[in-house]
$ cat model_26.txt   # compact mmCIF, C-alpha atoms
# COMPACT_ATOMS: atom_id res chain seq x y z
CA MET Y 1 -21.73 4.62 25.37
CA THR Y 2 -22.34 8.14 24.15
CA SER Y 3 -24.15 9.21 21.04
CA ASP Y 4 -23.90 12.17 18.72
CA LYS Y 5 -26.40 13.85 16.43
CA THR Y 6 -23.98 13.35 13.53
CA SER Y 7 -24.39 9.57 13.88
CA ALA Y 8 -28.18 9.78 13.55
CA LYS Y 9 -29.37 8.21 10.33
CA LYS Y 10 -28.83 10.54 7.40
CA ASN Y 11 -27.39 10.38 3.93
CA MET Y 12 -23.94 11.21 2.60
CA LYS Y 13 -22.04 11.27 -0.66
CA ALA Y 14 -20.07 8.13 -1.45
CA ILE Y 15 -18.52 6.32 -4.38
CA LEU Y 16 -20.31 3.07 -5.20
CA VAL Y 17 -18.89 0.10 -7.08
CA HIS Y 18 -21.74 -1.77 -8.75
CA ASP Y 19 -19.81 -4.70 -10.22
CA PHE Y 20 -16.23 -5.93 -10.46
CA VAL Y 21 -14.11 -3.73 -12.68
CA SER Y 22 -12.73 -5.37 -15.80
CA ASP Y 23 -12.23 -2.32 -18.01
CA TYR Y 24 -10.91 0.99 -16.68
CA GLU Y 25 -12.07 2.67 -19.89
CA SER Y 26 -15.69 1.98 -18.90
CA LEU Y 27 -15.75 2.95 -15.22
CA GLU Y 28 -18.90 5.00 -15.75
CA LYS Y 29 -20.74 1.66 -15.75
CA THR Y 30 -19.26 0.30 -12.53
CA MET Y 31 -18.17 3.26 -10.37
CA THR Y 32 -20.56 6.13 -9.58
CA LEU Y 33 -21.02 8.89 -7.02
CA SER Y 34 -24.24 8.79 -5.00
CA SER Y 35 -25.61 11.33 -2.52
CA GLU Y 36 -28.09 8.84 -1.10
CA VAL Y 37 -25.83 6.49 0.86
CA GLU Y 38 -26.65 6.16 4.53
CA VAL Y 39 -24.07 7.45 7.01
CA PRO Y 40 -22.62 4.37 8.76
CA GLN Y 41 -23.53 3.72 12.38
CA PRO Y 42 -20.37 2.99 14.41
CA LYS Y 43 -20.29 -0.37 16.15
CA LYS Y 44 -19.13 -0.78 19.74
CA ASP Y 45 -15.44 -0.89 18.81
CA GLN Y 46 -15.65 1.93 16.24
CA ILE Y 47 -15.63 5.71 16.00
CA LEU Y 48 -17.27 7.78 13.28
CA ILE Y 49 -15.11 10.17 11.28
CA ARG Y 50 -15.79 12.78 8.61
CA THR Y 51 -13.38 11.80 5.85
CA MET Y 52 -10.89 14.44 4.70
CA ALA Y 53 -8.75 12.31 2.38
CA CYS Y 54 -8.54 8.71 1.20
CA SER Y 55 -5.55 7.06 -0.47
CA ILE Y 56 -5.74 3.94 -2.60
CA SER Y 57 -3.35 1.01 -2.76
CA PRO Y 58 -2.96 -2.22 -4.73
CA GLY Y 59 -5.32 -3.89 -2.26
CA ASP Y 60 -8.08 -1.52 -3.38
CA ILE Y 61 -7.43 -2.47 -7.01
CA ILE Y 62 -7.66 -6.16 -6.13
CA MET Y 63 -10.92 -5.47 -4.29
CA VAL Y 64 -12.67 -3.61 -7.11
CA GLN Y 65 -11.47 -6.16 -9.67
CA GLY Y 66 -12.56 -9.12 -7.55
CA ASN Y 67 -9.22 -10.92 -7.92
CA LEU Y 68 -9.34 -12.60 -4.49
CA ILE Y 69 -12.44 -14.45 -3.35
CA PHE Y 70 -11.72 -13.71 0.32
CA LEU Y 71 -11.77 -9.99 -0.52
CA HIS Y 72 -15.12 -10.06 -2.27
CA PRO Y 73 -17.70 -7.63 -0.86
CA GLU Y 74 -20.67 -8.87 1.11
CA LYS Y 75 -22.92 -7.32 -1.54
CA PHE Y 76 -23.05 -4.82 -4.40
CA PRO Y 77 -22.87 -1.91 -4.51
CA PHE Y 78 -20.06 -1.25 -2.03
CA VAL Y 79 -17.93 1.76 -1.09
CA PRO Y 80 -14.25 1.21 -1.98
CA GLY Y 81 -11.19 2.54 -0.15
CA MET Y 82 -9.79 1.92 3.32
CA ASP Y 83 -6.87 4.24 4.19
CA VAL Y 84 -8.15 7.59 5.39
CA CYS Y 85 -7.59 10.73 7.39
CA GLY Y 86 -10.58 12.43 8.97
CA VAL Y 87 -12.18 14.38 11.78
CA VAL Y 88 -13.77 12.50 14.67
CA GLU Y 89 -17.51 13.20 14.60
CA ASN Y 90 -18.57 10.64 17.20
CA PRO Y 91 -16.02 9.10 19.61
CA ASN Y 92 -18.72 6.56 20.52
CA GLY Y 93 -17.55 6.29 24.13
CA HIS Y 94 -13.85 5.76 23.33
CA THR Y 95 -11.97 7.97 25.78
CA GLY Y 96 -8.82 8.11 23.65
CA PHE Y 97 -10.55 10.44 21.19
CA GLN Y 98 -12.61 13.59 21.32
CA LYS Y 99 -14.95 15.12 18.78
CA GLY Y 100 -12.85 17.29 16.48
CA ASP Y 101 -9.67 15.20 16.73
CA ILE Y 102 -8.05 14.53 13.36
CA VAL Y 103 -7.08 10.89 13.02
CA VAL Y 104 -5.41 8.55 10.55
CA ALA Y 105 -7.03 5.15 10.21
CA SER Y 106 -7.86 2.21 7.99
CA ASN Y 107 -10.55 -0.43 7.79
CA GLY Y 108 -8.31 -3.26 8.95
CA VAL Y 109 -7.73 -5.67 6.07
CA SER Y 110 -11.03 -4.98 4.32
CA PRO Y 111 -10.67 -2.34 1.56
CA VAL Y 112 -14.15 -0.83 1.89
CA GLY Y 113 -15.76 2.33 3.25
CA GLY Y 114 -13.16 5.03 2.62
CA MET Y 115 -14.44 6.81 -0.49
CA ALA Y 116 -17.25 8.53 1.37
CA GLU Y 117 -17.97 11.65 3.38
CA TYR Y 118 -18.16 9.58 6.57
CA MET Y 119 -16.55 6.32 7.65
CA ALA Y 120 -16.81 4.13 10.74
CA VAL Y 121 -13.33 2.93 11.69
CA SER Y 122 -11.93 0.74 14.45
CA ALA Y 123 -10.81 2.83 17.42
CA PHE Y 124 -7.87 0.42 17.71
CA GLU Y 125 -6.77 1.30 14.16
CA ALA Y 126 -6.99 5.09 14.61
CA VAL Y 127 -3.98 7.30 15.41
CA LEU Y 128 -3.92 11.06 15.99
CA LYS Y 129 -2.52 13.02 13.03
CA PRO Y 130 0.56 15.15 13.72
CA SER Y 131 -0.21 18.85 13.24
CA ASN Y 132 2.52 19.39 10.62
CA VAL Y 133 1.36 16.53 8.36
CA THR Y 134 -1.37 17.32 5.81
CA PRO Y 135 -4.52 15.17 5.67
CA GLU Y 136 -3.51 13.96 2.19
CA GLU Y 137 -0.02 12.95 3.36
CA ALA Y 138 -1.50 11.28 6.43
CA ALA Y 139 -3.97 9.23 4.38
CA ALA Y 140 -1.08 8.24 2.11
CA SER Y 141 1.07 7.00 5.01
CA SER Y 142 -0.39 3.48 4.90
CA SER Y 143 2.02 2.22 2.24
CA ALA Y 144 4.94 3.44 4.31
CA ILE Y 145 3.90 0.95 7.01
CA THR Y 146 4.60 -1.84 4.51
CA SER Y 147 7.90 -0.12 3.64
CA ARG Y 148 8.74 0.03 7.32
CA ASN Y 149 8.13 -3.71 7.76
CA ALA Y 150 10.12 -4.59 4.64
CA VAL Y 151 13.09 -2.37 5.43
CA LEU Y 152 13.50 -2.01 9.16
CA ASP Y 153 12.90 -5.71 9.87
CA ASN Y 154 15.38 -6.89 7.24
CA VAL Y 155 18.01 -4.27 6.38
CA LYS Y 156 21.08 -3.83 8.59
CA PRO Y 157 23.48 -0.88 8.79
CA GLY Y 158 26.00 -1.06 5.96
CA ASP Y 159 23.86 -3.30 3.74
CA ARG Y 160 23.66 -2.90 -0.01
CA VAL Y 161 19.99 -2.73 -1.02
CA LEU Y 162 18.13 -2.89 -4.33
CA ILE Y 163 14.51 -1.73 -4.33
CA LEU Y 164 12.42 -2.79 -7.32
CA GLY Y 165 9.84 -0.12 -8.12
CA GLY Y 166 11.25 2.95 -6.40
CA SER Y 167 8.67 5.47 -7.60
CA GLY Y 168 5.58 3.69 -6.26
CA GLY Y 169 3.96 4.26 -2.89
CA VAL Y 170 5.83 1.48 -1.05
CA GLY Y 171 9.06 1.76 -3.02
CA SER Y 172 9.46 5.51 -2.60
CA ALA Y 173 9.15 5.31 1.19
CA ALA Y 174 11.43 2.26 1.24
CA ILE Y 175 14.24 4.23 -0.38
CA THR Y 176 14.27 6.83 2.38
CA MET Y 177 13.86 4.25 5.14
CA ALA Y 178 16.71 2.12 3.81
CA LYS Y 179 19.06 5.07 3.50
CA GLU Y 180 18.13 7.25 6.46
CA HIS Y 181 16.70 4.85 9.04
CA ALA Y 182 18.28 1.45 8.34
CA LYS Y 183 21.58 3.15 7.40
CA ALA Y 184 22.20 1.10 4.26
CA SER Y 185 25.53 1.94 2.65
CA PHE Y 186 24.21 1.77 -0.92
CA VAL Y 187 20.63 1.95 -2.20
CA ALA Y 188 19.80 1.28 -5.84
CA THR Y 189 16.33 1.23 -7.33
CA THR Y 190 14.52 0.56 -10.60
CA SER Y 191 12.46 3.41 -12.00
CA THR Y 192 12.06 5.79 -14.90
CA GLN Y 193 11.93 8.70 -12.42
CA THR Y 194 15.64 9.29 -11.79
CA ASP Y 195 15.48 12.74 -10.17
CA PHE Y 196 12.48 11.75 -8.05
CA CYS Y 197 14.20 8.64 -6.64
CA LYS Y 198 17.52 10.41 -6.05
CA SER Y 199 15.69 13.12 -4.12
CA LEU Y 200 14.51 10.36 -1.77
CA GLY Y 201 18.06 9.12 -1.16
CA ALA Y 202 18.74 6.56 -3.90
CA ASP Y 203 22.42 6.29 -4.85
CA MET Y 204 21.64 4.72 -8.21
CA VAL Y 205 18.53 4.59 -10.38
CA ILE Y 206 18.24 1.87 -13.03
CA ASP Y 207 15.94 2.65 -15.94
CA TYR Y 208 14.28 -0.75 -16.38
CA ARG Y 209 13.39 0.13 -19.97
CA LYS Y 210 17.09 0.21 -20.85
CA GLN Y 211 18.79 -2.15 -18.41
CA ASN Y 212 18.01 -5.40 -16.62
CA TRP Y 213 19.37 -5.27 -13.09
CA TRP Y 214 20.00 -9.04 -13.06
CA GLU Y 215 22.26 -8.75 -16.13
CA MET Y 216 24.35 -5.82 -14.88
CA GLU Y 217 27.92 -6.21 -13.61
CA TRP Y 218 28.00 -5.45 -9.90
CA ASP Y 219 31.21 -4.87 -7.93
CA GLN Y 220 29.58 -6.49 -4.92
CA PRO Y 221 26.37 -8.49 -4.56
CA PHE Y 222 23.41 -6.97 -2.75
CA ASP Y 223 22.52 -8.02 0.78
CA THR Y 224 18.82 -7.40 0.22
CA ILE Y 225 16.46 -6.99 -2.73
CA ILE Y 226 13.01 -5.59 -1.93
CA ASP Y 227 10.43 -6.30 -4.63
CA THR Y 228 7.49 -3.87 -4.61
CA VAL Y 229 6.56 -4.64 -8.24
CA GLY Y 230 5.83 -8.37 -8.43
CA GLY Y 231 5.65 -10.51 -11.54
CA GLY Y 232 8.59 -10.73 -13.90
CA ASN Y 233 9.97 -13.85 -12.19
CA PHE Y 234 12.29 -11.51 -10.26
CA VAL Y 235 12.85 -13.92 -7.39
CA ASN Y 236 14.49 -16.46 -9.71
CA LYS Y 237 16.47 -13.77 -11.49
CA ALA Y 238 17.93 -12.80 -8.11
CA THR Y 239 19.47 -16.23 -7.49
CA ASN Y 240 22.72 -15.24 -9.22
CA PRO Y 241 25.19 -14.92 -6.29
CA LYS Y 242 26.90 -12.06 -8.15
CA VAL Y 243 23.65 -10.11 -7.86
CA LEU Y 244 22.33 -11.16 -4.43
CA LYS Y 245 24.09 -13.01 -1.64
CA THR Y 246 22.93 -16.49 -0.73
CA GLY Y 247 20.90 -17.07 2.40
CA LYS Y 248 23.95 -18.54 4.12
CA GLN Y 249 25.79 -15.28 3.39
CA GLY Y 250 22.86 -13.27 4.75
CA GLY Y 251 21.19 -12.47 1.43
CA ALA Y 252 17.42 -12.04 1.31
CA PHE Y 253 14.77 -11.42 -1.33
CA ILE Y 254 11.92 -9.49 0.30
CA ALA Y 255 8.62 -9.84 -1.56
CA VAL Y 256 6.03 -7.15 -0.88
CA THR Y 257 3.60 -8.21 -3.60
CA GLY Y 258 4.31 -11.89 -4.19
CA ASP Y 259 4.90 -13.46 -7.60
CA ASP Y 260 1.82 -11.89 -9.14
CA PRO Y 261 0.81 -8.32 -8.28
CA LYS Y 262 -2.65 -9.06 -9.72
CA PRO Y 263 -3.37 -12.62 -8.59
CA ASP Y 264 -6.38 -14.54 -9.86
CA ALA Y 265 -7.98 -16.29 -6.91
CA ARG Y 266 -11.60 -15.68 -7.78
CA THR Y 267 -12.76 -19.19 -6.90
CA VAL Y 268 -12.32 -21.31 -3.78
CA TRP Y 269 -10.03 -23.74 -5.62
CA LYS Y 270 -7.85 -20.96 -7.01
CA ALA Y 271 -7.70 -19.37 -3.55
CA ILE Y 272 -6.57 -22.66 -2.00
CA LYS Y 273 -3.78 -22.99 -4.56
CA PHE Y 274 -2.83 -19.33 -4.04
CA ILE Y 275 -2.57 -19.73 -0.25
CA ALA Y 276 -0.83 -23.12 -0.45
CA LYS Y 277 2.07 -21.60 -2.38
CA MET Y 278 2.88 -19.04 0.31
CA PRO Y 279 4.94 -21.19 2.72
CA LEU Y 280 6.66 -23.31 0.05
CA ARG Y 281 9.27 -20.85 -1.21
CA PRO Y 282 10.48 -19.70 2.24
CA LEU Y 283 10.82 -23.36 3.23
CA TYR Y 284 12.66 -24.22 0.02
CA THR Y 285 15.10 -21.33 0.35
CA TRP Y 286 15.79 -22.28 3.98
CA PHE Y 287 16.86 -25.76 2.93
CA MET Y 288 18.82 -24.39 -0.06
CA LYS Y 289 20.33 -21.37 1.71
CA SER Y 290 23.87 -22.27 0.66
CA ARG Y 291 22.83 -21.83 -2.98
CA VAL Y 292 19.97 -19.28 -3.08
CA PRO Y 293 18.96 -16.19 -1.09
CA SER Y 294 16.39 -16.42 1.67
CA PHE Y 295 12.84 -15.55 0.64
CA VAL Y 296 10.69 -13.37 2.90
CA LEU Y 297 7.06 -12.59 2.09
CA ILE Y 298 5.90 -9.43 3.83
CA MET Y 299 2.59 -9.85 5.61
CA PRO Y 300 0.75 -7.09 7.48
CA TYR Y 301 1.18 -7.08 11.25
CA ASN Y 302 0.77 -4.61 14.14
CA ILE Y 303 -0.49 -1.95 11.76
CA PRO Y 304 -1.48 0.62 14.43
CA GLU Y 305 2.02 0.59 15.92
CA GLY Y 306 3.53 0.82 12.44
CA ARG Y 307 1.23 3.76 11.68
CA LYS Y 308 2.38 5.56 14.83
CA GLN Y 309 6.02 5.00 13.92
CA VAL Y 310 5.58 6.18 10.32
CA LEU Y 311 3.65 9.30 11.38
CA SER Y 312 6.36 10.07 13.93
CA MET Y 313 8.97 9.90 11.16
CA MET Y 314 6.84 12.24 9.05
CA GLU Y 315 6.36 14.62 11.98
CA ASN Y 316 10.13 14.74 12.52
CA ASP Y 317 10.79 15.31 8.79
CA SER Y 318 12.81 12.08 8.56
CA LEU Y 319 10.31 10.62 6.10
CA THR Y 320 8.40 12.28 3.29
CA VAL Y 321 5.53 10.37 1.75
CA LYS Y 322 5.45 11.45 -1.88
CA LEU Y 323 2.14 11.91 -3.65
CA ASP Y 324 1.64 11.16 -7.34
CA GLU Y 325 1.94 14.36 -9.38
CA LYS Y 326 -1.79 14.29 -10.17
CA SER Y 327 -2.75 13.99 -6.50
CA PRO Y 328 -4.74 15.00 -4.63
CA LEU Y 329 -7.63 14.30 -6.95
CA PRO Y 330 -11.09 15.69 -6.16
CA PHE Y 331 -13.90 13.68 -4.59
CA THR Y 332 -15.98 13.53 -7.77
CA GLU Y 333 -16.90 10.68 -10.08
CA ASP Y 334 -14.22 11.74 -12.52
CA GLY Y 335 -11.62 12.33 -9.81
CA VAL Y 336 -12.06 8.93 -8.16
CA ARG Y 337 -12.19 7.11 -11.50
CA LYS Y 338 -8.92 8.81 -12.48
CA ALA Y 339 -7.36 7.77 -9.16
CA PHE Y 340 -8.18 4.10 -9.70
CA THR Y 341 -7.11 4.24 -13.34
CA ILE Y 342 -3.73 5.78 -12.48
CA LEU Y 343 -2.96 3.17 -9.83
CA ALA Y 344 -4.20 0.25 -11.95
CA SER Y 345 -1.92 1.37 -14.80
CA GLY Y 346 1.14 0.56 -12.69
CA HIS Y 347 2.65 3.96 -13.45
CA ALA Y 348 1.81 6.01 -10.37
CA HIS Y 349 4.76 8.06 -9.15
CA GLY Y 350 4.04 8.17 -5.44
CA LYS Y 351 0.76 7.66 -3.59
CA VAL Y 352 -2.58 8.28 -5.27
CA VAL Y 353 -4.89 10.28 -3.00
CA VAL Y 354 -8.43 11.65 -3.24
CA SER Y 355 -9.24 14.75 -1.18
CA MET Y 356 -12.80 15.19 0.04
CA GLU Y 357 -11.98 18.86 0.57
CA SER Y 358 -10.37 19.54 -2.83
CA LYS Y 359 -12.03 22.25 -4.91
CA LYS Y 360 -10.36 21.18 -8.16

$ encode --input "model_26.txt" --output "structure tokens"
Amino acid sequence: MTSDKTSAKKNMKAILVHDFVSDYESLEKTMTLSSEVEVPQPKKDQILIRTMACSISPGDIIMVQGNLIFLHPEKFPFVPGMDVCGVVENPNGHTGFQKGDIVVASNGVSPVGGMAEYMAVSAFEAVLKPSNVTPEEAAASSSAITSRNAVLDNVKPGDRVLILGGSGGVGSAAITMAKEHAKASFVATTSTQTDFCKSLGADMVIDYRKQNWWEMEWDQPFDTIIDTVGGGNFVNKATNPKVLKTGKQGGAFIAVTGDDPKPDARTVWKAIKFIAKMPLRPLYTWFMKSRVPSFVLIMPYNIPEGRKQVLSMMENDSLTVKLDEKSPLPFTEDGVRKAFTILASGHAHGKVVVSMESKK
């Protein structure tokens, strides 16, 4: 193992969450910026990076709100955030990286550590950033991995696809992937951002404030519906065979978020009930496939390989990861609080990103 002076114990700036967030109007009580947080020491399987940008996702919101007991921090305060782009400061003996390399990484499935000047990340999770992708875009690429799994594993050439929530981080990337990479023949989406979604490749944008997609008259049913929103009982509203084909016909409802985008599993008993529900619907729809569409719940898998594939698409200009119009936000107390508030509102238009190098 090699060492580096940068990894010697010293302090850094980092955002600290002091308690679970229940009110985004009062974040000054729970989310602060400290300059007295110790720089993390990389473990054997980790490298140390100087963070350039950190994006946030629904998992980060769940973490700071404490919705899932198995995502509770070991202690308070903790540093939120997990999806980052940064400069390698200490390769820590990992020959695949050199000091000065710019990498894209995450903290596995634990949404902690990213909103800081330095972060220790798994060497297995880190991928070199393409030179023509900005650090902010690279940090924002994480949601596109979920889009990749939802679309490329389930959509076939010629399929008709409906994406619920086309202006969010996952939905916006899913539009382009469905149209350009999966070669869907028709891609519709729900959003209030018509021009934005059409620029990504959507053939039709449904303003959910004015129309309910499950009540519309469709010339042909969809082959696939991808739900990036959650809630709203959408899976049951998709059982109309005039809207979505049955499982026997090849129809599938792809759930990215599950029934509840903000689940309450704060206790062991609630967590058990939450987990127990997961296999029931896929099993039910398999038995009832002649009457209802198949149900597929997207779970994270092979994230490093997905990250490589997504970054390759971005490098080749076949995928653009859109940032929310207010991003990148600065690495300040106010900037990070705004980032979490925007995402928690459910009205982000693209990925929400904080830049550690922003001068705004």

$ residues_near_point --input "model_26.txt" --point "(18.4, 1.3, -11.8)" --cutoff "8 Å" --atoms "only C-alpha atoms" --output "MDAnalysis selection string"
chainID Y and resid 188:191 204:208 211 213

$ atom_distance --input "model_26.txt" --atom1 "CA of Ser167 in chain Y" --atom2 "CA of His349 in chain Y"
4.9 Å

$ closest_residue --input "model_26.txt" --among "Y:Ala174, Y:Ala182, Y:Val109, Y:Ala252" --to "Val321 in chain Y" --atoms "all atoms listed in the file"
Y:Ala174

$ atom_distance --input "model_26.txt" --atom1 "CA of Arg209 in chain Y" --atom2 "CA of Ser327 in chain Y"
25.2 Å

$ atom_distance --input "model_26.txt" --atom1 "CA of Glu25 in chain Y" --atom2 "CA of Ala344 in chain Y"
11.4 Å

$ closest_residue --input "model_26.txt" --among "Y:Ser143, Y:Met52, Y:Thr341, Y:Val354" --to "Tyr24 in chain Y" --atoms "all atoms listed in the file"
Y:Thr341

$ closest_residue --input "model_26.txt" --among "Y:Val17, Y:Val161, Y:Leu319, Y:Leu297" --to "Ile145 in chain Y" --atoms "only C-alpha atoms"
Y:Leu319

$ decode --input "model_26.txt" --residues "range 83-109 of chain Y" --atoms "N, CA and C atoms" --output "mmCIF file, in the first residue's frame"
data_model
loop_
_atom_site.group_PDB
_atom_site.id
_atom_site.type_symbol
_atom_site.label_atom_id
_atom_site.label_comp_id
_atom_site.auth_asym_id
_atom_site.auth_seq_id
_atom_site.Cartn_x
_atom_site.Cartn_y
_atom_site.Cartn_z
ATOM 1 N N ASP Y 83 -23.252 10.331 -5.020
ATOM 2 C CA ASP Y 83 -22.866 10.263 -6.431
ATOM 3 C C ASP Y 83 -21.992 11.452 -6.775
ATOM 4 N N VAL Y 84 -20.725 11.193 -7.098
ATOM 5 C CA VAL Y 84 -19.745 12.263 -7.203
ATOM 6 C C VAL Y 84 -18.863 12.126 -8.431
ATOM 7 N N CYS Y 85 -18.187 13.237 -8.727
ATOM 8 C CA CYS Y 85 -17.074 13.251 -9.664
ATOM 9 C C CYS Y 85 -15.948 13.982 -8.955
ATOM 10 N N GLY Y 86 -14.728 13.453 -9.057
ATOM 11 C CA GLY Y 86 -13.634 14.100 -8.346
ATOM 12 C C GLY Y 86 -12.267 13.679 -8.842
ATOM 13 N N VAL Y 87 -11.259 14.327 -8.297
ATOM 14 C CA VAL Y 87 -9.864 14.099 -8.667
ATOM 15 C C VAL Y 87 -9.232 13.133 -7.667
ATOM 16 N N VAL Y 88 -8.563 12.119 -8.167
ATOM 17 C CA VAL Y 88 -7.895 11.162 -7.284
ATOM 18 C C VAL Y 88 -6.742 11.859 -6.563
ATOM 19 N N GLU Y 89 -6.807 11.872 -5.235
ATOM 20 C CA GLU Y 89 -5.748 12.443 -4.417
ATOM 21 C C GLU Y 89 -4.811 11.354 -3.898
ATOM 22 N N ASN Y 90 -5.368 10.200 -3.601
ATOM 23 C CA ASN Y 90 -4.572 9.081 -3.095
ATOM 24 C C ASN Y 90 -5.110 7.785 -3.685
ATOM 25 N N PRO Y 91 -4.391 7.186 -4.657
ATOM 26 C CA PRO Y 91 -4.842 5.914 -5.239
ATOM 27 C C PRO Y 91 -4.811 4.762 -4.241
ATOM 28 N N ASN Y 92 -4.065 4.927 -3.147
ATOM 29 C CA ASN Y 92 -4.058 3.954 -2.057
ATOM 30 C C ASN Y 92 -3.627 2.556 -2.523
ATOM 31 N N GLY Y 93 -2.686 2.518 -3.477
ATOM 32 C CA GLY Y 93 -2.166 1.241 -3.944
ATOM 33 C C GLY Y 93 -2.948 0.599 -5.063
ATOM 34 N N HIS Y 94 -4.044 1.217 -5.522
ATOM 35 C CA HIS Y 94 -4.846 0.646 -6.607
ATOM 36 C C HIS Y 94 -4.255 1.075 -7.942
ATOM 37 N N THR Y 95 -3.714 0.103 -8.670
ATOM 38 C CA THR Y 95 -2.950 0.395 -9.885
ATOM 39 C C THR Y 95 -3.816 0.900 -11.042
ATOM 40 N N GLY Y 96 -5.121 0.764 -10.940
ATOM 41 C CA GLY Y 96 -5.990 1.240 -12.012
ATOM 42 C C GLY Y 96 -6.138 2.750 -12.034
ATOM 43 N N PHE Y 97 -5.638 3.420 -11.003
ATOM 44 C CA PHE Y 97 -5.786 4.876 -10.913
ATOM 45 C C PHE Y 97 -4.470 5.523 -10.529
ATOM 46 N N GLN Y 98 -4.311 6.754 -10.987
ATOM 47 C CA GLN Y 98 -3.145 7.557 -10.637
ATOM 48 C C GLN Y 98 -3.613 8.857 -10.005
ATOM 49 N N LYS Y 99 -2.763 9.442 -9.199
ATOM 50 C CA LYS Y 99 -3.082 10.751 -8.633
ATOM 51 C C LYS Y 99 -3.311 11.734 -9.770
ATOM 52 N N GLY Y 100 -4.401 12.478 -9.702
ATOM 53 C CA GLY Y 100 -4.743 13.435 -10.744
ATOM 54 C C GLY Y 100 -5.803 12.942 -11.708
ATOM 55 N N ASP Y 101 -6.059 11.621 -11.725
ATOM 56 C CA ASP Y 101 -7.146 11.103 -12.556
ATOM 57 C C ASP Y 101 -8.477 11.695 -12.092
ATOM 58 N N ILE Y 102 -9.359 11.966 -13.031
ATOM 59 C CA ILE Y 102 -10.713 12.423 -12.679
ATOM 60 C C ILE Y 102 -11.656 11.236 -12.840
ATOM 61 N N VAL Y 103 -12.347 10.901 -11.755
ATOM 62 C CA VAL Y 103 -13.190 9.709 -11.753
ATOM 63 C C VAL Y 103 -14.630 10.048 -11.395
ATOM 64 N N VAL Y 104 -15.506 9.131 -11.769
ATOM 65 C CA VAL Y 104 -16.926 9.200 -11.411
ATOM 66 C C VAL Y 104 -17.186 8.016 -10.500
ATOM 67 N N ALA Y 105 -17.847 8.252 -9.380
ATOM 68 C CA ALA Y 105 -18.004 7.168 -8.403
ATOM 69 C C ALA Y 105 -19.232 7.399 -7.547
ATOM 70 N N SER Y 106 -19.541 6.402 -6.737
ATOM 71 C CA SER Y 106 -20.607 6.526 -5.742
ATOM 72 C C SER Y 106 -20.200 5.735 -4.520
ATOM 73 N N ASN Y 107 -20.988 5.865 -3.484
ATOM 74 C CA ASN Y 107 -20.687 5.184 -2.219
ATOM 75 C C ASN Y 107 -21.512 3.913 -2.103
ATOM 76 N N GLY Y 108 -21.547 3.136 -3.175
ATOM 77 C CA GLY Y 108 -22.319 1.899 -3.154
ATOM 78 C C GLY Y 108 -23.801 2.182 -2.995
ATOM 79 N N VAL Y 109 -24.422 1.573 -1.993
ATOM 80 C CA VAL Y 109 -25.849 1.798 -1.748
ATOM 81 C C VAL Y 109 -26.075 2.643 -0.509
#
